[in-house]
Structures are given as C-alpha cells and as structure tokens.
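Printed here is entry-v7.pdb (PDB, C-alpha atoms and all ligand atoms):
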```
ATOM      1  CA  MET X 274      53.574  11.097  12.117
ATOM      2  CA  HIS X 275      56.379   8.678  11.177
ATOM      3  CA  ARG X 276      55.121   5.573   9.417
ATOM      4  CA  PRO X 277      57.296   2.517  10.007
ATOM      5  CA  VAL X 278      58.879   1.494   6.712
ATOM      6  CA  MET X 279      58.465  -2.067   5.381
ATOM      7  CA  LEU X 280      56.774  -3.066   8.636
ATOM      8  CA  ASP X 281      55.187  -6.300   7.338
ATOM      9  CA  GLU X 282      58.431  -7.373   5.702
ATOM     10  CA  VAL X 283      60.460  -6.685   8.859
ATOM     11  CA  LEU X 284      58.012  -8.573  11.079
ATOM     12  CA  GLY X 285      57.829 -11.444   8.603
ATOM     13  CA  PHE X 286      61.593 -11.876   8.655
ATOM     14  CA  LEU X 287      62.128 -11.365  12.381
ATOM     15  CA  ASP X 288      59.660 -14.166  13.169
ATOM     16  CA  LEU X 289      59.207 -13.068  16.783
ATOM     17  CA  ARG X 290      57.662 -15.043  19.653
ATOM     18  CA  PRO X 291      56.395 -14.171  23.122
ATOM     19  CA  GLY X 292      59.368 -14.125  25.494
ATOM     20  CA  ASP X 293      61.918 -12.922  22.902
ATOM     21  CA  THR X 294      64.469 -10.233  23.708
ATOM     22  CA  VAL X 295      64.808  -7.706  20.888
ATOM     23  CA  LEU X 296      66.940  -4.660  20.146
ATOM     24  CA  ASP X 297      65.465  -1.749  18.210
ATOM     25  CA  ALA X 298      68.675   0.179  17.544
ATOM     26  CA  THR X 299      66.818   3.115  15.958
ATOM     27  CA  LEU X 300      63.735   3.679  18.034
ATOM     28  CA  GLY X 301      62.524   6.883  16.307
ATOM     29  CA  GLY X 302      58.856   7.318  17.225
ATOM     30  CA  GLY X 303      58.640   3.674  18.313
ATOM     31  CA  GLY X 304      56.576   2.646  15.270
ATOM     32  CA  HIS X 305      58.398  -0.641  14.648
ATOM     33  CA  SER X 306      58.927  -1.169  18.388
ATOM     34  CA  LYS X 307      55.208  -1.070  19.151
ATOM     35  CA  GLU X 308      54.503  -3.869  16.671
ATOM     36  CA  ILE X 309      57.509  -5.820  17.961
ATOM     37  CA  LEU X 310      56.223  -5.487  21.539
ATOM     38  CA  LYS X 311      52.791  -6.808  20.507
ATOM     39  CA  ARG X 312      54.527  -9.984  19.351
ATOM     40  CA  ILE X 313      57.057 -10.575  22.128
ATOM     41  CA  THR X 314      54.760  -9.935  25.111
ATOM     42  CA  PRO X 315      53.980 -11.449  27.498
ATOM     43  CA  GLY X 316      57.394 -12.312  28.792
ATOM     44  CA  GLY X 317      59.521 -10.541  26.185
ATOM     45  CA  MET X 318      61.765  -7.513  26.535
ATOM     46  CA  LEU X 319      62.647  -4.769  24.057
ATOM     47  CA  LEU X 320      65.701  -2.554  24.328
ATOM     48  CA  GLY X 321      65.137   0.624  22.319
ATOM     49  CA  CYS X 322      68.047   2.853  21.478
ATOM     50  CA  ASP X 323      68.187   6.284  19.866
ATOM     51  CA  ALA X 324      70.840   8.976  19.709
ATOM     52  CA  ASP X 325      68.139  11.640  19.911
ATOM     53  CA  PRO X 326      66.692  12.314  23.387
ATOM     54  CA  ALA X 327      63.495  13.705  21.807
ATOM     55  CA  ALA X 328      62.934  10.321  20.134
ATOM     56  CA  ILE X 329      63.298   8.559  23.475
ATOM     57  CA  ASP X 330      60.643  10.808  25.068
ATOM     58  CA  ARG X 331      58.258  10.379  22.150
ATOM     59  CA  ALA X 332      58.676   6.608  22.038
ATOM     60  CA  ARG X 333      58.204   6.255  25.807
ATOM     61  CA  GLU X 334      54.807   7.896  25.398
ATOM     62  CA  ASN X 335      53.894   5.895  22.289
ATOM     63  CA  LEU X 336      54.833   2.599  23.968
ATOM     64  CA  ARG X 337      53.227   3.293  27.363
ATOM     65  CA  ASP X 338      50.786   0.357  27.028
ATOM     66  CA  PHE X 339      53.840  -1.905  27.226
ATOM     67  CA  THR X 340      55.525  -0.253  30.202
ATOM     68  CA  GLY X 341      57.585  -2.856  32.037
ATOM     69  CA  SER X 342      58.370  -4.740  28.823
ATOM     70  CA  PHE X 343      60.867  -2.268  27.394
ATOM     71  CA  LYS X 344      63.964  -0.319  28.350
ATOM     72  CA  LEU X 345      65.095   2.769  26.489
ATOM     73  CA  ALA X 346      68.669   3.955  26.069
ATOM     74  CA  ASN X 347      69.658   7.360  24.766
ATOM     75  CA  GLY X 348      72.897   6.840  22.882
ATOM     76  CA  ASN X 349      74.512   6.011  19.589
ATOM     77  CA  PHE X 350      74.241   2.395  18.446
ATOM     78  CA  ARG X 351      77.958   2.465  17.758
ATOM     79  CA  TYR X 352      78.284   1.920  21.536
ATOM     80  CA  LEU X 353      75.922  -1.062  21.719
ATOM     81  CA  ASN X 354      78.305  -3.181  23.788
ATOM     82  CA  GLU X 355      78.351  -0.533  26.506
ATOM     83  CA  MET X 356      74.548  -0.255  26.415
ATOM     84  CA  PHE X 357      74.155  -4.014  26.707
ATOM     85  CA  ASP X 358      76.595  -4.150  29.599
ATOM     86  CA  HIS X 359      74.806  -1.274  31.309
ATOM     87  CA  GLU X 360      71.455  -3.103  30.996
ATOM     88  CA  GLY X 361      72.990  -6.415  32.046
ATOM     89  CA  LEU X 362      72.027  -7.855  28.663
ATOM     90  CA  GLU X 363      74.132 -10.656  27.206
ATOM     91  CA  LYS X 364      72.374 -11.957  24.082
ATOM     92  CA  ILE X 365      69.232 -11.132  22.110
ATOM     93  CA  ASP X 366      66.895 -12.945  19.711
ATOM     94  CA  ALA X 367      66.491 -10.216  17.078
ATOM     95  CA  ALA X 368      67.701  -6.749  16.130
ATOM     96  CA  LEU X 369      66.376  -3.998  13.884
ATOM     97  CA  PHE X 370      68.296  -1.053  12.428
ATOM     98  CA  ASP X 371      66.119   1.451  10.528
ATOM     99  CA  ILE X 372      68.786   4.020   9.875
ATOM    100  CA  GLY X 373      68.732   7.654   8.827
ATOM    101  CA  ILE X 374      66.413  10.257  10.304
ATOM    102  CA  SER X 375      62.746  10.149  11.200
ATOM    103  CA  SER X 376      59.926  12.273   9.818
ATOM    104  CA  TYR X 377      59.773  14.004  13.210
ATOM    105  CA  GLN X 378      63.375  15.121  12.912
ATOM    106  CA  MET X 379      62.936  16.046   9.264
ATOM    107  CA  ASP X 380      59.803  18.106   9.821
ATOM    108  CA  GLU X 381      61.014  20.106  12.808
ATOM    109  CA  GLY X 382      62.724  23.218  11.454
ATOM    110  CA  ALA X 383      64.629  23.826  14.684
ATOM    111  CA  ARG X 384      66.642  20.610  14.155
ATOM    112  CA  GLY X 385      68.117  21.980  10.950
ATOM    113  CA  PHE X 386      67.602  18.889   8.744
ATOM    114  CA  SER X 387      64.959  20.329   6.467
ATOM    115  CA  ILE X 388      65.158  22.415   3.331
ATOM    116  CA  LYS X 389      61.461  23.255   3.534
ATOM    117  CA  ASN X 390      61.119  24.091   7.224
ATOM    118  CA  PRO X 391      63.724  26.749   7.972
ATOM    119  CA  GLY X 392      65.908  26.690  11.052
ATOM    120  CA  PRO X 393      69.469  26.927  12.338
ATOM    121  CA  LEU X 394      71.942  24.773  10.401
ATOM    122  CA  ASP X 395      72.307  22.079  13.057
ATOM    123  CA  MET X 396      71.576  18.497  11.827
ATOM    124  CA  ARG X 397      72.863  16.735  14.946
ATOM    125  CA  MET X 398      70.737  13.718  15.878
ATOM    126  CA  ASP X 399      72.389  13.838  19.279
ATOM    127  CA  PRO X 400      72.544  17.397  20.632
ATOM    128  CA  ARG X 401      75.564  16.379  22.735
ATOM    129  CA  LEU X 402      77.711  16.114  19.614
ATOM    130  CA  LYS X 403      80.223  18.931  19.566
ATOM    131  CA  VAL X 404      80.179  19.674  15.825
ATOM    132  CA  SER X 405      77.060  20.804  13.955
ATOM    133  CA  ALA X 406      76.374  21.300  10.251
ATOM    134  CA  LYS X 407      77.052  25.009  10.685
ATOM    135  CA  ASP X 408      80.551  24.223  11.997
ATOM    136  CA  LEU X 409      81.332  21.868   9.105
ATOM    137  CA  VAL X 410      80.010  24.166   6.411
ATOM    138  CA  ASN X 411      81.842  27.206   7.752
ATOM    139  CA  ARG X 412      85.116  25.524   8.714
ATOM    140  CA  LEU X 413      86.021  22.706   6.333
ATOM    141  CA  ARG X 414      88.411  23.334   3.456
ATOM    142  CA  GLU X 415      86.880  23.508  -0.018
ATOM    143  CA  GLU X 416      88.350  20.097  -0.986
ATOM    144  CA  GLU X 417      86.926  18.477   2.146
ATOM    145  CA  LEU X 418      83.477  19.901   1.456
ATOM    146  CA  SER X 419      83.743  18.837  -2.146
ATOM    147  CA  ASP X 420      84.599  15.237  -1.148
ATOM    148  CA  ILE X 421      81.732  15.049   1.346
ATOM    149  CA  ILE X 422      79.172  16.400  -1.130
ATOM    150  CA  LYS X 423      80.455  14.075  -3.837
ATOM    151  CA  ASP X 424      80.759  10.880  -1.776
ATOM    152  CA  LEU X 425      77.975  11.172   0.781
ATOM    153  CA  GLY X 426      75.555  13.149  -1.376
ATOM    154  CA  GLU X 427      76.377  11.489  -4.712
ATOM    155  CA  GLU X 428      75.910  15.012  -6.085
ATOM    156  CA  ARG X 429      77.158  15.672  -9.606
ATOM    157  CA  PHE X 430      77.788  19.355  -9.069
ATOM    158  CA  TYR X 431      79.898  18.885  -5.941
ATOM    159  CA  ARG X 432      82.753  21.143  -7.099
ATOM    160  CA  ARG X 433      80.514  24.070  -7.915
ATOM    161  CA  ILE X 434      78.621  23.736  -4.665
ATOM    162  CA  ALA X 435      81.765  23.494  -2.518
ATOM    163  CA  ARG X 436      83.202  26.544  -4.260
ATOM    164  CA  ALA X 437      79.986  28.502  -3.806
ATOM    165  CA  ILE X 438      79.909  27.660  -0.076
ATOM    166  CA  VAL X 439      83.469  28.879   0.403
ATOM    167  CA  GLU X 440      82.831  32.076  -1.578
ATOM    168  CA  ARG X 441      79.651  32.827   0.324
ATOM    169  CA  ARG X 442      81.148  32.286   3.780
ATOM    170  CA  ARG X 443      83.966  34.715   2.985
ATOM    171  CA  GLU X 444      81.309  37.427   2.916
ATOM    172  CA  LYS X 445      78.995  36.146   5.635
ATOM    173  CA  LYS X 446      78.782  33.057   7.813
ATOM    174  CA  ILE X 447      76.285  30.393   6.691
ATOM    175  CA  GLU X 448      73.957  30.163   9.688
ATOM    176  CA  THR X 449      70.629  28.670   8.619
ATOM    177  CA  THR X 450      69.158  25.953   6.418
ATOM    178  CA  GLU X 451      67.864  28.731   4.165
ATOM    179  CA  ASP X 452      71.398  30.164   3.820
ATOM    180  CA  LEU X 453      72.783  26.803   2.735
ATOM    181  CA  ALA X 454      69.902  26.030   0.383
ATOM    182  CA  SER X 455      70.192  29.448  -1.279
ATOM    183  CA  VAL X 456      73.929  28.959  -1.868
ATOM    184  CA  VAL X 457      73.204  25.605  -3.524
ATOM    185  CA  TYR X 458      70.358  27.032  -5.630
ATOM    186  CA  ARG X 459      72.578  29.822  -6.870
ATOM    187  CA  ALA X 460      75.377  27.380  -7.685
ATOM    188  CA  VAL X 461      73.337  24.735  -9.530
ATOM    189  CA  GLY X 462      69.724  25.917  -9.728
ATOM    190  CA  GLY X 463      69.190  25.856 -13.477
ATOM    191  CA  ARG X 464      71.114  22.626 -13.906
ATOM    192  CA  TYR X 465      68.525  20.536 -12.095
ATOM    193  CA  LYS X 466      65.475  19.497 -14.087
ATOM    194  CA  ARG X 467      62.325  21.242 -12.931
ATOM    195  CA  GLY X 468      59.983  19.328 -10.680
ATOM    196  CA  ARG X 469      62.502  16.618  -9.820
ATOM    197  CA  LEU X 470      64.532  16.499  -6.628
ATOM    198  CA  ASP X 471      65.094  19.790  -4.801
ATOM    199  CA  PRO X 472      68.567  20.876  -5.959
ATOM    200  CA  ALA X 473      69.759  21.124  -2.343
ATOM    201  CA  THR X 474      68.597  17.626  -1.264
ATOM    202  CA  ARG X 475      71.850  15.804  -1.961
ATOM    203  CA  THR X 476      73.989  18.473  -0.336
ATOM    204  CA  PHE X 477      71.823  18.444   2.790
ATOM    205  CA  GLN X 478      71.993  14.654   2.921
ATOM    206  CA  ALA X 479      75.785  14.687   2.579
ATOM    207  CA  ILE X 480      76.311  17.210   5.353
ATOM    208  CA  ARG X 481      73.893  15.351   7.646
ATOM    209  CA  ILE X 482      75.669  12.022   7.143
ATOM    210  CA  ALA X 483      79.014  13.704   7.843
ATOM    211  CA  VAL X 484      77.820  15.541  10.980
ATOM    212  CA  ASN X 485      76.534  12.317  12.531
ATOM    213  CA  ASP X 486      79.257  10.044  11.079
ATOM    214  CA  GLU X 487      76.422   7.788  10.012
ATOM    215  CA  LEU X 488      78.533   5.401   7.950
ATOM    216  CA  GLY X 489      81.092   4.923  10.734
ATOM    217  CA  ALA X 490      78.321   4.297  13.257
ATOM    218  CA  LEU X 491      76.693   1.704  10.991
ATOM    219  CA  LYS X 492      79.935  -0.272  10.600
ATOM    220  CA  ASP X 493      80.561  -0.177  14.363
ATOM    221  CA  GLY X 494      76.972  -1.107  15.267
ATOM    222  CA  LEU X 495      76.730  -4.085  12.907
ATOM    223  CA  GLY X 496      80.067  -5.423  14.117
ATOM    224  CA  GLN X 497      78.880  -5.457  17.705
ATOM    225  CA  ILE X 498      75.378  -6.817  17.193
ATOM    226  CA  VAL X 499      76.481  -9.834  15.185
ATOM    227  CA  THR X 500      78.212 -11.258  18.275
ATOM    228  CA  ARG X 501      75.204 -10.534  20.496
ATOM    229  CA  LEU X 502      72.610 -12.546  18.571
ATOM    230  CA  ASN X 503      71.584 -15.967  19.800
ATOM    231  CA  ALA X 504      71.878 -18.826  17.281
ATOM    232  CA  GLY X 505      68.861 -18.550  14.977
ATOM    233  CA  GLY X 506      68.420 -14.874  15.926
ATOM    234  CA  ARG X 507      67.871 -12.454  13.070
ATOM    235  CA  MET X 508      69.077  -8.942  12.300
ATOM    236  CA  ALA X 509      67.211  -6.695   9.881
ATOM    237  CA  VAL X 510      68.698  -3.508   8.471
ATOM    238  CA  ILE X 511      66.765  -0.875   6.516
ATOM    239  CA  SER X 512      68.916   1.731   4.784
ATOM    240  CA  PHE X 513      67.986   4.671   2.596
ATOM    241  CA  HIS X 514      71.239   5.404   0.831
ATOM    242  CA  SER X 515      73.251   3.298  -1.594
ATOM    243  CA  LEU X 516      76.459   3.796   0.398
ATOM    244  CA  GLU X 517      74.786   2.492   3.540
ATOM    245  CA  ASP X 518      73.294  -0.447   1.676
ATOM    246  CA  ARG X 519      76.750  -1.282   0.329
ATOM    247  CA  ILE X 520      78.152  -1.306   3.858
ATOM    248  CA  VAL X 521      75.398  -3.675   5.018
ATOM    249  CA  LYS X 522      75.900  -5.931   1.996
ATOM    250  CA  ASN X 523      79.673  -6.099   2.478
ATOM    251  CA  LYS X 524      79.495  -6.588   6.247
ATOM    252  CA  PHE X 525      76.968  -9.402   5.792
ATOM    253  CA  LYS X 526      79.281 -11.025   3.210
ATOM    254  CA  GLU X 527      82.201 -10.748   5.615
ATOM    255  CA  TYR X 528      80.274 -12.286   8.547
ATOM    256  CA  SER X 529      78.903 -14.992   6.280
ATOM    257  CA  ALA X 530      82.438 -15.881   5.113
ATOM    258  CA  GLU X 531      83.470 -16.120   8.772
ATOM    259  CA  GLY X 532      80.644 -18.608   9.348
ATOM    260  CA  LEU X 533      78.772 -16.263  11.693
ATOM    261  CA  ILE X 534      75.562 -15.672   9.735
ATOM    262  CA  LYS X 535      73.376 -16.937   6.940
ATOM    263  CA  ILE X 536      72.134 -14.187   4.610
ATOM    264  CA  LEU X 537      68.354 -14.401   4.123
ATOM    265  CA  THR X 538      68.001 -11.686   1.477
ATOM    266  CA  LYS X 539      70.135 -12.293  -1.617
ATOM    267  CA  LYS X 540      68.985  -8.951  -2.954
ATOM    268  CA  PRO X 541      67.688  -6.106  -0.809
ATOM    269  CA  VAL X 542      63.917  -6.130  -0.294
ATOM    270  CA  ARG X 543      62.217  -2.934  -1.539
ATOM    271  CA  PRO X 544      58.943  -1.386  -0.408
ATOM    272  CA  THR X 545      55.909  -2.301  -2.491
ATOM    273  CA  ASP X 546      54.444   0.222  -4.937
ATOM    274  CA  ALA X 547      51.452   0.527  -2.619
ATOM    275  CA  GLU X 548      53.691   1.498   0.314
ATOM    276  CA  VAL X 549      55.597   4.038  -1.769
ATOM    277  CA  ALA X 550      52.314   5.541  -2.969
ATOM    278  CA  GLU X 551      51.122   5.849   0.606
ATOM    279  CA  ASN X 552      54.453   6.912   2.102
ATOM    280  CA  PRO X 553      56.785   8.469  -0.481
ATOM    281  CA  ARG X 554      59.578   8.651   2.105
ATOM    282  CA  SER X 555      59.844   4.868   1.968
ATOM    283  CA  ARG X 556      60.829   4.896  -1.708
ATOM    284  CA  SER X 557      64.586   4.526  -1.294
ATOM    285  CA  GLY X 558      64.359   1.977   1.544
ATOM    286  CA  ARG X 559      66.250  -1.293   1.201
ATOM    287  CA  LEU X 560      65.953  -4.135   3.689
ATOM    288  CA  ARG X 561      68.604  -6.812   4.270
ATOM    289  CA  VAL X 562      68.252  -9.618   6.801
ATOM    290  CA  ALA X 563      70.651 -12.224   8.172
ATOM    291  CA  GLU X 564      70.382 -15.066  10.684
ATOM    292  CA  ARG X 565      73.015 -15.939  13.264
ATOM    293  CA  ILE X 566      74.322 -19.454  12.893
TER     294      ILE X 566
HETATM  295  C1  LIG N   1      64.173   6.217  10.410
HETATM  296  S1  LIG N   1      64.101   6.627  12.105
HETATM  297  C2  LIG N   1      63.480   5.196  12.879
HETATM  298  C3  LIG N   1      61.985   5.131  12.896
HETATM  299  C4  LIG N   1      61.413   3.972  13.699
HETATM  300  N1  LIG N   1      61.786   2.707  13.150
HETATM  301  C5  LIG N   1      59.899   4.087  13.801
HETATM  302  O1  LIG N   1      59.198   3.235  13.240
HETATM  303  O2  LIG N   1      59.381   5.002  14.432
HETATM  304  C6  LIG N   1      65.778   6.566  12.575
HETATM  305  C7  LIG N   1      66.044   6.913  14.021
HETATM  306  O3  LIG N   1      67.324   6.384  14.335
HETATM  307  C8  LIG N   1      68.075   7.315  15.042
HETATM  308  N2  LIG N   1      69.474   7.023  14.693
HETATM  309  C9  LIG N   1      70.053   7.107  13.479
HETATM  310  N3  LIG N   1      71.349   6.736  13.554
HETATM  311  C10 LIG N   1      71.570   6.389  14.853
HETATM  312  C11 LIG N   1      72.700   5.896  15.558
HETATM  313  N4  LIG N   1      73.881   5.713  14.962
HETATM  314  N5  LIG N   1      72.559   5.607  16.878
HETATM  315  C12 LIG N   1      71.367   5.788  17.493
HETATM  316  N6  LIG N   1      70.259   6.268  16.885
HETATM  317  C13 LIG N   1      70.369   6.548  15.583
HETATM  318  C14 LIG N   1      67.581   8.673  14.605
HETATM  319  O4  LIG N   1      67.780   9.633  15.638
HETATM  320  C15 LIG N   1      66.105   8.396  14.314
HETATM  321  O5  LIG N   1      65.301   8.709  15.423
END
```
Could you write out this file's structure as structure tokens?
Ligand SMILES: C[S@@+](CC[C@H](N)C(=O)[O-])C[C@H]1O[C@@H](n2cnc3c(N)ncnc32)[C@H](O)[C@@H]1O
Amino acid sequence: MHRPVMLDEVLGFLDLRPGDTVLDATLGGGGHSKEILKRITPGGMLLGCDADPAAIDRARENLRDFTGSFKLANGNFRYLNEMFDHEGLEKIDAALFDIGISSYQMDEGARGFSIKNPGPLDMRMDPRLKVSAKDLVNRLREEELSDIIKDLGEERFYRRIARAIVERRREKKIETTEDLASVVYRAVGGRYKRGRLDPATRTFQAIRIAVNDELGALKDGLGQIVTRLNAGGRMAVISFHSLEDRIVKNKFKEYSAEGLIKILTKKPVRPTDAEVAENPRSRSGRLRVAERI
C-alpha cells in the first residue's frame, strides 16, 4: 500500500473545485489522484501520467469509481507537451508532481530498486528505457560512478564504493541488488554507524536517479507545466531529495523573476511528526507550491 504523502497539505494548497482540469504527473497508485477526483467531479477531468505501465494499471483499478472523469498516459513527464497535445488539452487548473518511486516499486524485488527484497539490478521506472542499473554499474568508468554516487547519493564514501564496484566487476559481473549491496557493505560496512541508514541506501538512490535521469526529467517537466497553467492555477511539487528540492526552488525563483508565478511556500512544507510516525517513508518529503499569475 502506498500512502499519499502530505495529502492534506497538497489538497489545501491546490484549492480544487468541481469542473477543474488537473494533471497528476506522477500517478503512482493513484492515491493523490483519487482525492483530487473527489473534489473536481462532477464536471472535472484528471490527466494522470506515469512512466511505469504497472502504475497505470494499478491506478486505473484504484480509480474505477471515477471512470469517465480521468485519462491516463503512460510516459515520462518530461514529454508533457506531447501528452497534452495527444489528449487535445490546452491548459489546466492545477498540477501535482510527487516525484521519486512508489512503495509498490520499492517493495517489488523484481524491479530492482530494493536492498531488502532481492532481484535483478534493474531500477528502470519505464521498462522501455534502454539502460538499466546493471548496465551502468558494469559499464561506467570508475570516475563516472564515483561522481554519480557522490552527487546523486550524497554519499561520503563514494570513492571507496566506486573502486570496490570496479574491482568486483573485473572478477564477476554485478547482476543483482544483492551483488551491489554486498559490494557496498564490504567497501564501507564498518564505517556506517549501527542501526542508522543501511550503508547501501545512498548508492542505490544515486544509481536509480541516474538510470531514470530523474533530475533532467524534473527540470524539463516543470518548464513545460508552467506555461500550461491557467492564471490562478497552482502547481505543487513534492520531492524527497535535497538536489531535487534545490531544482524546484531555483526553477520557481526563475519563473517568479520572469513574472510567471507567485511562490506560495517561502520554505518547503514538511510532513507533520504524526505523518512521519505513521508513514516513515514521508520523512524526507518537501512540498513547494506556486500559483500562475
Ligand atoms: C512517489 S510515487 C507517486 C505516488 C502517488 N502520488 C500516489 O499517491 O499513489 C512516484 C511515481 O511517479 C512516477 N515517476 C517518477 N518520475 C517520473 C517521470 N519523470 N515521469 C513519469 N512518471 C514518473 C514513478 O513511476 C512513481 O510511480
């Protein structure tokens, strides 16, 4: 089960009405979308987008009570303009980006995102992507791996880990999530304090963000949606990584300086302690919202 993060906060900011047209750029299990649909029907329309075809199938089932009031598009939100054109959609009243991966993707070993549930080292949100985590880990030069683990994982021991990956793959290809985790444990195991973060978490995160070019997609998606919002329409972005939050912050500043939007959240909104206690995965979430002028 994927619990929608900061649901009350998102709905409070989006201020939806029956008849509104809304984009959910990251449909996932449809958790946010279902609550959005309750508020925009009758008369409203939701376009739900997800790069992962399994998410589209799951959401279609979860949203079946609202059939006729939503359209689903399987694709990356970096191609939003094409999706809008395909659906004959010009402008919308609100947009939500809840980026990263869902609990469904995380928990399913076969997708290769999880340290705890073993599987092939895949990590593609969209199975049509040509390059998987296994390809990156086995093919990139040591310096490239080191940069990815440092920048996208914010991992202190990036050099050691990159070296260990290269040494290990000289003997045997790294094929599974267990292979990668064991290389990381051997490289840094004792250096991580017991009981804190799993020592492989940051490396896994870095490789996942690289495989899916998540930062590039975010920049592209925000740039397109800002021109698609009606005046007074709001866009809400939840990110789970400081690099992503920085992109949102800087993009919002840029659009604000151009006179396109008014920023509604001076600082990012964080989940309440009660939400974090109930759903620990929400703990690093940060919400930023802006309104089209
Ligand atoms: C955190 S989950 C969203 C959960 C959803 N809000 C819910 O309540 O069920 C993120 C989803 O966005 C999708 N996603 C992430 N980046 C994407 C992108 N660039 N384009 C399209 N979908 C993306 C992932 O496949 C995943 O299903």
Please give the centre and size of the box around ligand LIG 1 (chain N) (axis-aligned, containing every atom listed in the file, 3 Å added per side), with values in Å to one decimal and written as AutoDock Vina command-line options.
```
--center_x 66.5 --center_y 6.2 --center_z 14.0 --size_x 20.7 --size_y 12.9 --size_z 13.1
```
Check: Expanded to explicit residues, what is the PyMOL selection byres (((chain X and resi 470-475) around 8) and not hetatm) for this file, as a ChimeraX atom specification?
Finding: /X:388,422,426-428,454,457-458,461-462,465,468-469,476-479
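Rounded to one decimal, atom CA of Glu531 of chain X and atom CA of Thr500 of chain X lie 11.9 Å from each other.
Distances here use only C-alpha atoms; by that measure, the residue among X:His514, X:Arg519, X:Lys446, X:Lys307 closest to Arg333 of chain X is X:Lys307.
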Notebook entry, point to check: ligand LIG 1 (chain N): which residues are within 8 Å, counting all atoms listed in the file, as a ChimeraX atom specification?
Noted result: /X:275-278,297-306,322-325,328,332,347-351,370-378,398-399,485-487,490-491,494
Near-Leu413 of chain X list (12 Å; only C-alpha atoms; drop same-chain fewer than 2 positions) as a PDB file with C-alpha atoms, in the frame of the given file:
```
ATOM      1  CA  VAL X 404      80.179  19.674  15.825  1.00  0.00           C
ATOM      2  CA  SER X 405      77.060  20.804  13.955  1.00  0.00           C
ATOM      3  CA  ALA X 406      76.374  21.300  10.251  1.00  0.00           C
ATOM      4  CA  LYS X 407      77.052  25.009  10.685  1.00  0.00           C
ATOM      5  CA  ASP X 408      80.551  24.223  11.997  1.00  0.00           C
ATOM      6  CA  LEU X 409      81.332  21.868   9.105  1.00  0.00           C
ATOM      7  CA  VAL X 410      80.010  24.166   6.411  1.00  0.00           C
ATOM      8  CA  ASN X 411      81.842  27.206   7.752  1.00  0.00           C
ATOM      9  CA  GLU X 415      86.880  23.508  -0.018  1.00  0.00           C
ATOM     10  CA  GLU X 416      88.350  20.097  -0.986  1.00  0.00           C
ATOM     11  CA  GLU X 417      86.926  18.477   2.146  1.00  0.00           C
ATOM     12  CA  LEU X 418      83.477  19.901   1.456  1.00  0.00           C
ATOM     13  CA  SER X 419      83.743  18.837  -2.146  1.00  0.00           C
ATOM     14  CA  ASP X 420      84.599  15.237  -1.148  1.00  0.00           C
ATOM     15  CA  ILE X 421      81.732  15.049   1.346  1.00  0.00           C
ATOM     16  CA  ILE X 422      79.172  16.400  -1.130  1.00  0.00           C
ATOM     17  CA  ALA X 435      81.765  23.494  -2.518  1.00  0.00           C
ATOM     18  CA  ARG X 436      83.202  26.544  -4.260  1.00  0.00           C
ATOM     19  CA  ILE X 438      79.909  27.660  -0.076  1.00  0.00           C
ATOM     20  CA  VAL X 439      83.469  28.879   0.403  1.00  0.00           C
ATOM     21  CA  ARG X 442      81.148  32.286   3.780  1.00  0.00           C
ATOM     22  CA  ILE X 480      76.311  17.210   5.353  1.00  0.00           C
ATOM     23  CA  ALA X 483      79.014  13.704   7.843  1.00  0.00           C
ATOM     24  CA  VAL X 484      77.820  15.541  10.980  1.00  0.00           C
TER      25      VAL X 484
END
```
Next item on the list: Give as a VMD selection string the residues that the PyMOL selection byres (((chain X and resi 522) around 12) and not hetatm) matches when applied to the coordinates above.
Entry: chain X and resid 491 to 492 495 509 to 512 515 to 521 523 to 529 536 to 541 559 to 563
